[in-house]
Amino acid sequence: IGMLSQLQHIFLYINNIAGTIPTEVGNLSKLTELSLQSNLITGPIPTEIGMLSNISKIVLSHNSLTGTIPSGMLSNLRVLYLDHNRLSKSMLHLNNATSSLQYLNISNNILTSFPFGKNGFKELETLDLTQNVIREDAFMVMDGLSSIKDLLLSNNLIYGSIPNRIRSLARMEKLHLDNNRLIGTIPDDVLSLVRLRELKLSHNRQERQCFPWVSKCGGKIYQGGDLCCDGDNGEKVCTDQLGVDRWGLLNVCLTPGLHGTIPAGFTNTPYLRVLDLSSTLLIGNIPPEIGVLSRLEVLNLTNTTLTGSIPSSLGAL
């Protein structure tokens, strides 16, 4: 195949093609699109693909690719699908090689990391990392994505609090952070995202765990703020101040999750269609301002600790 010097498009998707991607693909200098999705392809992504300077779209979804994502990929690449494979680590180098990317989908793999916060994805509008095992602080996740519209990070190990800097992502339309390990409160800055259409923060709560104060939590005088203790599996268990309670004189109990009340600034998000805050530790009343969301299609507040009555304004939805 590497001898087809005039080849511009390869469409071999939805077949039973097995084996590995031939390294000779890197010789196809005029190739602009490579679509091999839904096959039985195994092995790593060949580094030679990085030689394809004219390619703008690569689709390798639904195969059994393994290993890492090669560095130095493709100066003109705009669309990259790598979802539903077995890729274990992202090695994308954030320089000119990725600055043109607009759509990146690496969902349903086993990625343990991703190079957030390197300012290399300035044109990226959609980033889908759903269903991986990425462990990263939410503060870093919000960095370097100035053009992002859809940030889809469900079912990972994202931890920490949602930062106030989220208000700088003014083009955001979909924010999916459900099924992670977020703590803290939902900042009002989330509702400054005027274009927001979907907000999913559900299943950000963990079971209450108790620890010996001295041996697992440092033993210093607690003066408020976030607190971390050493879990039995070697991982840190952290929560904000709302999730801390003392049990006896020598122990402390942590209940990590999203705490606090639901912010009331929904008049700023008139396009919101999906609001899912279920399975969190939210307290207080349901804000009557939710009733102004005339486009709302899904409102899920199940399995929380909300109190009070259902606002009459919800009858207008």
# chains A, B, ... in the order shown; residues from 1 in each chain; ligands from 1
>>> residues_around(residues="Val244 of chain A", least_positions_apart="4", cutoff="10 Å", atoms="only C-alpha atoms", output="compact mmCIF listing (two decimals) with all heavy atoms, in the first residue's frame")
# COMPACT_ATOMS: atom_id res chain seq x y z
N ARG A 208 -18.56 7.40 53.37
CA ARG A 208 -17.88 7.93 54.55
C ARG A 208 -16.82 6.94 55.03
O ARG A 208 -17.07 5.75 55.16
CB ARG A 208 -18.91 8.18 55.66
CG ARG A 208 -18.37 8.82 56.93
CD ARG A 208 -19.57 9.15 57.82
NE ARG A 208 -19.18 9.83 59.05
CZ ARG A 208 -19.04 9.21 60.22
NH1 ARG A 208 -19.23 7.89 60.32
NH2 ARG A 208 -18.71 9.89 61.30
N CYS A 210 -13.50 6.49 57.92
CA CYS A 210 -12.88 7.02 59.14
C CYS A 210 -11.43 6.56 59.23
O CYS A 210 -11.09 5.44 58.82
CB CYS A 210 -13.67 6.56 60.37
SG CYS A 210 -15.38 7.20 60.40
N TYR A 222 -6.32 20.65 62.83
CA TYR A 222 -7.11 20.95 61.62
C TYR A 222 -7.74 22.34 61.76
O TYR A 222 -8.46 22.62 62.71
CB TYR A 222 -8.19 19.88 61.43
CG TYR A 222 -9.09 20.14 60.24
CD1 TYR A 222 -8.58 20.22 58.96
CD2 TYR A 222 -10.47 20.31 60.43
CE1 TYR A 222 -9.41 20.46 57.87
CE2 TYR A 222 -11.30 20.55 59.35
CZ TYR A 222 -10.76 20.63 58.07
OH TYR A 222 -11.57 20.86 56.99
N GLY A 224 -9.48 23.86 59.11
CA GLY A 224 -10.42 24.08 58.02
C GLY A 224 -9.78 23.85 56.66
O GLY A 224 -8.58 23.61 56.53
N GLY A 225 -10.61 23.92 55.63
CA GLY A 225 -10.12 23.70 54.27
C GLY A 225 -10.13 22.23 53.90
O GLY A 225 -10.73 21.39 54.57
N ASP A 226 -9.47 21.89 52.80
CA ASP A 226 -9.40 20.51 52.33
C ASP A 226 -8.56 19.66 53.28
O ASP A 226 -7.59 20.15 53.88
CB ASP A 226 -8.82 20.43 50.93
CG ASP A 226 -9.71 21.07 49.88
OD1 ASP A 226 -10.86 21.44 50.22
OD2 ASP A 226 -9.28 21.20 48.72
N LEU A 227 -8.93 18.39 53.41
CA LEU A 227 -8.20 17.47 54.27
C LEU A 227 -8.04 16.15 53.55
O LEU A 227 -8.99 15.63 52.96
CB LEU A 227 -8.95 17.25 55.59
CG LEU A 227 -8.33 16.25 56.57
CD1 LEU A 227 -6.96 16.73 57.04
CD2 LEU A 227 -9.26 16.02 57.76
N CYS A 228 -6.82 15.60 53.59
CA CYS A 228 -6.53 14.31 52.96
C CYS A 228 -5.98 13.34 53.99
O CYS A 228 -5.19 13.72 54.86
CB CYS A 228 -5.50 14.48 51.83
SG CYS A 228 -6.08 15.46 50.42
N CYS A 238 -9.57 12.51 49.98
CA CYS A 238 -9.62 13.94 50.28
C CYS A 238 -11.05 14.45 50.25
O CYS A 238 -11.90 13.94 49.51
CB CYS A 238 -8.79 14.73 49.25
SG CYS A 238 -7.04 14.28 49.18
N THR A 239 -11.29 15.48 51.04
CA THR A 239 -12.57 16.16 51.01
C THR A 239 -12.38 17.61 51.40
O THR A 239 -11.32 17.99 51.93
CB THR A 239 -13.59 15.49 51.95
OG1 THR A 239 -14.87 16.12 51.80
CG2 THR A 239 -13.15 15.61 53.40
N ASP A 240 -13.38 18.42 51.11
CA ASP A 240 -13.37 19.80 51.57
C ASP A 240 -13.90 19.84 53.00
O ASP A 240 -14.25 18.82 53.59
CB ASP A 240 -14.21 20.66 50.64
CG ASP A 240 -15.69 20.25 50.67
OD1 ASP A 240 -15.95 19.05 50.46
OD2 ASP A 240 -16.55 21.10 50.91
N VAL A 252 -10.85 10.71 62.62
CA VAL A 252 -11.57 11.69 61.80
C VAL A 252 -12.27 10.94 60.69
O VAL A 252 -11.76 9.93 60.19
CB VAL A 252 -10.60 12.75 61.22
CG1 VAL A 252 -9.60 12.12 60.26
CG2 VAL A 252 -11.36 13.86 60.51
N CYS A 253 -13.44 11.40 60.31
CA CYS A 253 -14.21 10.76 59.24
C CYS A 253 -14.37 11.73 58.08
O CYS A 253 -14.65 12.92 58.27
CB CYS A 253 -15.58 10.32 59.75
SG CYS A 253 -15.50 9.06 61.05
N LEU A 254 -14.19 11.21 56.87
CA LEU A 254 -14.30 12.01 55.65
C LEU A 254 -15.43 11.48 54.79
O LEU A 254 -15.56 10.26 54.61
CB LEU A 254 -12.99 11.97 54.87
CG LEU A 254 -11.70 12.33 55.61
CD1 LEU A 254 -10.52 12.31 54.64
CD2 LEU A 254 -11.80 13.67 56.31
N THR A 255 -16.22 12.38 54.24
CA THR A 255 -17.25 12.02 53.27
C THR A 255 -17.02 12.85 52.02
O THR A 255 -17.56 13.96 51.88
CB THR A 255 -18.66 12.28 53.84
OG1 THR A 255 -18.78 11.67 55.12
CG2 THR A 255 -19.72 11.69 52.90
N PRO A 256 -16.18 12.37 51.10
CA PRO A 256 -15.85 13.16 49.91
C PRO A 256 -17.02 13.27 48.94
O PRO A 256 -17.82 12.34 48.80
CB PRO A 256 -14.69 12.38 49.28
CG PRO A 256 -14.23 11.42 50.34
CD PRO A 256 -15.44 11.11 51.15
>>> closest_residue(among="A:Ile49, A:Leu201, A:Ala316, A:Leu169", to="Leu282 of chain A", atoms="only C-alpha atoms")
A:Leu201
>>> select_by_dssp(residues="segment 70-168 of chain A", states="strand (DSSP E or B)", output="list in words")
Val79, Leu80, Tyr81, Arg86, Leu87, Ser88, Lys89, Ser90, Tyr103, Leu104, Asn105, Thr126, Leu127, Asp128, Asp137, Asp150, Leu151, Leu152, Tyr159 and Gly160 of chain A
>>> residues_around(residues="Asn16 of chain A", least_positions_apart="6", cutoff="12 Å", atoms="only C-alpha atoms", output="ChimeraX atom specification")
/A:36-42,62-63
>>> closest_residue(among="A:Ile283, A:Leu258, A:Leu127, A:Met51", to="Leu82 of chain A", atoms="only C-alpha atoms")
A:Leu127
>>> atom_distance(atom1="atom CA of Leu250 of chain A", atom2="atom CA of Gln206 of chain A")
22.1 Å
>>> residues_around(residues="Gly284 of chain A", least_positions_apart="6", cutoff="7 Å", atoms="only C-alpha atoms", output="list in words")
Thr261, Leu306 and Thr307 of chain A
>>> closest_residue(among="A:His84, A:Arg273, A:Arg197, A:Lys89", to="Phe114 of chain A", atoms="only C-alpha atoms")
A:Lys89
>>> atom_distance(atom1="atom CA of Ser61 of chain A", atom2="atom CA of Ser202 of chain A")
27.0 Å
>>> closest_residue(among="A:His259, A:Arg167, A:Arg86, A:Arg78", to="Glu123 of chain A", atoms="only C-alpha atoms")
A:Arg78
>>> atom_distance(atom1="atom CA of Leu293 of chain A", atom2="atom CA of Leu272 of chain A")
6.6 Å
>>> closest_atom_pairs(of="segment 108-138 of chain A", to="segment 181-190 of chain A", cutoff="12 Å", atoms="only C-alpha atoms", output="JSON lines")
{"residue": "A:Val133", "atom": "CA", "partner": "A:Arg181", "partner_atom": "CA", "distance": 11.5}
{"residue": "A:Ile134", "atom": "CA", "partner": "A:Arg181", "partner_atom": "CA", "distance": 11.1}
{"residue": "A:Arg135", "atom": "CA", "partner": "A:Arg181", "partner_atom": "CA", "distance": 9.4}
{"residue": "A:Glu136", "atom": "CA", "partner": "A:Arg181", "partner_atom": "CA", "distance": 9.9}
{"residue": "A:Asp137", "atom": "CA", "partner": "A:Leu182", "partner_atom": "CA", "distance": 8.9}
{"residue": "A:Ala138", "atom": "CA", "partner": "A:Leu182", "partner_atom": "CA", "distance": 7.7}
>>> write_last_selection(atoms="C-alpha atoms", output="mmCIF file, in the first residue's frame")
data_model
loop_
_atom_site.group_PDB
_atom_site.id
_atom_site.type_symbol
_atom_site.label_atom_id
_atom_site.label_comp_id
_atom_site.auth_asym_id
_atom_site.auth_seq_id
_atom_site.Cartn_x
_atom_site.Cartn_y
_atom_site.Cartn_z
ATOM 1 C CA VAL A 133 -8.915 5.952 34.317
ATOM 2 C CA ILE A 134 -7.425 9.436 34.107
ATOM 3 C CA ARG A 135 -6.345 10.796 37.479
ATOM 4 C CA GLU A 136 -6.000 14.573 37.306
ATOM 5 C CA ASP A 137 -6.842 17.632 39.365
ATOM 6 C CA ALA A 138 -9.898 19.490 38.048
#
>>> closest_residue(among="A:Ile21, A:Ile55, A:Thr47, A:Asp83", to="Leu7 of chain A", atoms="only C-alpha atoms")
A:Ile55
>>> residues_around(residues="Pro270 of chain A", least_positions_apart="5", cutoff="8 Å", atoms="only C-alpha atoms", output="number ranges by chain")
A: 194-195, 292-295
>>> residues_around(residues="Ile10 of chain A", least_positions_apart="5", cutoff="8 Å", atoms="only C-alpha atoms", output="NGL selection string")
:A and (31 or 33-36)
>>> residues_around(residues="Lys174 of chain A", least_positions_apart="3", cutoff="12 Å", atoms="only C-alpha atoms", output="PyMOL selection string")
chain A and resi 125-128+148-154+169-171+177-178+190+193-201+269+271-276
>>> decode(residues="segment 114-131 of chain A", atoms="N, CA, C and O atoms", output="mmCIF file, in the first residue's frame")
data_model
loop_
_atom_site.group_PDB
_atom_site.id
_atom_site.type_symbol
_atom_site.label_atom_id
_atom_site.label_comp_id
_atom_site.auth_asym_id
_atom_site.auth_seq_id
_atom_site.Cartn_x
_atom_site.Cartn_y
_atom_site.Cartn_z
ATOM 1 N N PHE A 114 -3.438 12.408 30.709
ATOM 2 C CA PHE A 114 -3.640 13.208 29.502
ATOM 3 C C PHE A 114 -2.945 14.544 29.735
ATOM 4 O O PHE A 114 -2.994 15.077 30.845
ATOM 5 N N PRO A 115 -2.284 15.092 28.716
ATOM 6 C CA PRO A 115 -1.491 16.326 28.916
ATOM 7 C C PRO A 115 -2.334 17.593 28.956
ATOM 8 O O PRO A 115 -2.263 18.446 28.072
ATOM 9 N N PHE A 116 -3.154 17.721 29.999
ATOM 10 C CA PHE A 116 -3.899 18.965 30.198
ATOM 11 C C PHE A 116 -2.930 20.098 30.526
ATOM 12 O O PHE A 116 -1.819 19.886 30.985
ATOM 13 N N GLY A 117 -3.393 21.301 30.319
ATOM 14 C CA GLY A 117 -2.694 22.471 30.833
ATOM 15 C C GLY A 117 -1.407 22.825 30.130
ATOM 16 O O GLY A 117 -0.590 23.555 30.679
ATOM 17 N N LYS A 118 -1.199 22.346 28.895
ATOM 18 C CA LYS A 118 0.041 22.655 28.179
ATOM 19 C C LYS A 118 -0.166 23.678 27.067
ATOM 20 O O LYS A 118 0.745 23.971 26.318
ATOM 21 N N ASN A 119 -1.388 24.197 26.961
ATOM 22 C CA ASN A 119 -1.696 25.238 25.964
ATOM 23 C C ASN A 119 -1.419 24.792 24.540
ATOM 24 O O ASN A 119 -1.097 25.605 23.680
ATOM 25 N N GLY A 120 -1.546 23.511 24.285
ATOM 26 C CA GLY A 120 -1.295 23.009 22.946
ATOM 27 C C GLY A 120 -2.549 22.725 22.155
ATOM 28 O O GLY A 120 -2.472 22.315 21.003
ATOM 29 N N PHE A 121 -3.723 22.925 22.752
ATOM 30 C CA PHE A 121 -4.985 22.619 22.075
ATOM 31 C C PHE A 121 -5.818 23.884 21.900
ATOM 32 O O PHE A 121 -6.992 23.930 22.251
ATOM 33 N N LYS A 122 -5.241 24.902 21.356
ATOM 34 C CA LYS A 122 -5.897 26.201 21.285
ATOM 35 C C LYS A 122 -7.099 26.212 20.349
ATOM 36 O O LYS A 122 -7.983 27.057 20.482
ATOM 37 N N GLU A 123 -7.143 25.295 19.377
ATOM 38 C CA GLU A 123 -8.258 25.239 18.435
ATOM 39 C C GLU A 123 -9.264 24.156 18.791
ATOM 40 O O GLU A 123 -10.292 24.026 18.131
ATOM 41 N N LEU A 124 -9.001 23.379 19.820
ATOM 42 C CA LEU A 124 -9.826 22.220 20.137
ATOM 43 C C LEU A 124 -11.208 22.647 20.620
ATOM 44 O O LEU A 124 -11.341 23.427 21.561
ATOM 45 N N GLU A 125 -12.251 22.095 19.972
ATOM 46 C CA GLU A 125 -13.632 22.408 20.330
ATOM 47 C C GLU A 125 -14.312 21.262 21.064
ATOM 48 O O GLU A 125 -15.198 21.505 21.890
ATOM 49 N N THR A 126 -13.921 20.020 20.760
ATOM 50 C CA THR A 126 -14.489 18.856 21.438
ATOM 51 C C THR A 126 -13.371 17.965 21.939
ATOM 52 O O THR A 126 -12.502 17.555 21.163
ATOM 53 N N LEU A 127 -13.408 17.669 23.241
ATOM 54 C CA LEU A 127 -12.476 16.725 23.845
ATOM 55 C C LEU A 127 -13.296 15.688 24.594
ATOM 56 O O LEU A 127 -13.969 15.996 25.573
ATOM 57 N N ASP A 128 -13.248 14.443 24.115
ATOM 58 C CA ASP A 128 -14.011 13.352 24.719
ATOM 59 C C ASP A 128 -13.045 12.317 25.274
ATOM 60 O O ASP A 128 -12.393 11.586 24.521
ATOM 61 N N LEU A 129 -12.954 12.268 26.602
ATOM 62 C CA LEU A 129 -12.114 11.291 27.297
ATOM 63 C C LEU A 129 -12.960 10.408 28.209
ATOM 64 O O LEU A 129 -12.458 9.824 29.174
ATOM 65 N N THR A 130 -14.224 10.284 27.889
ATOM 66 C CA THR A 130 -15.148 9.487 28.692
ATOM 67 C C THR A 130 -14.649 8.058 28.864
ATOM 68 O O THR A 130 -14.094 7.467 27.942
ATOM 69 N N GLN A 131 -14.874 7.510 30.037
ATOM 70 C CA GLN A 131 -14.599 6.109 30.338
ATOM 71 C C GLN A 131 -13.136 5.746 30.144
ATOM 72 O O GLN A 131 -12.758 4.950 29.295
#
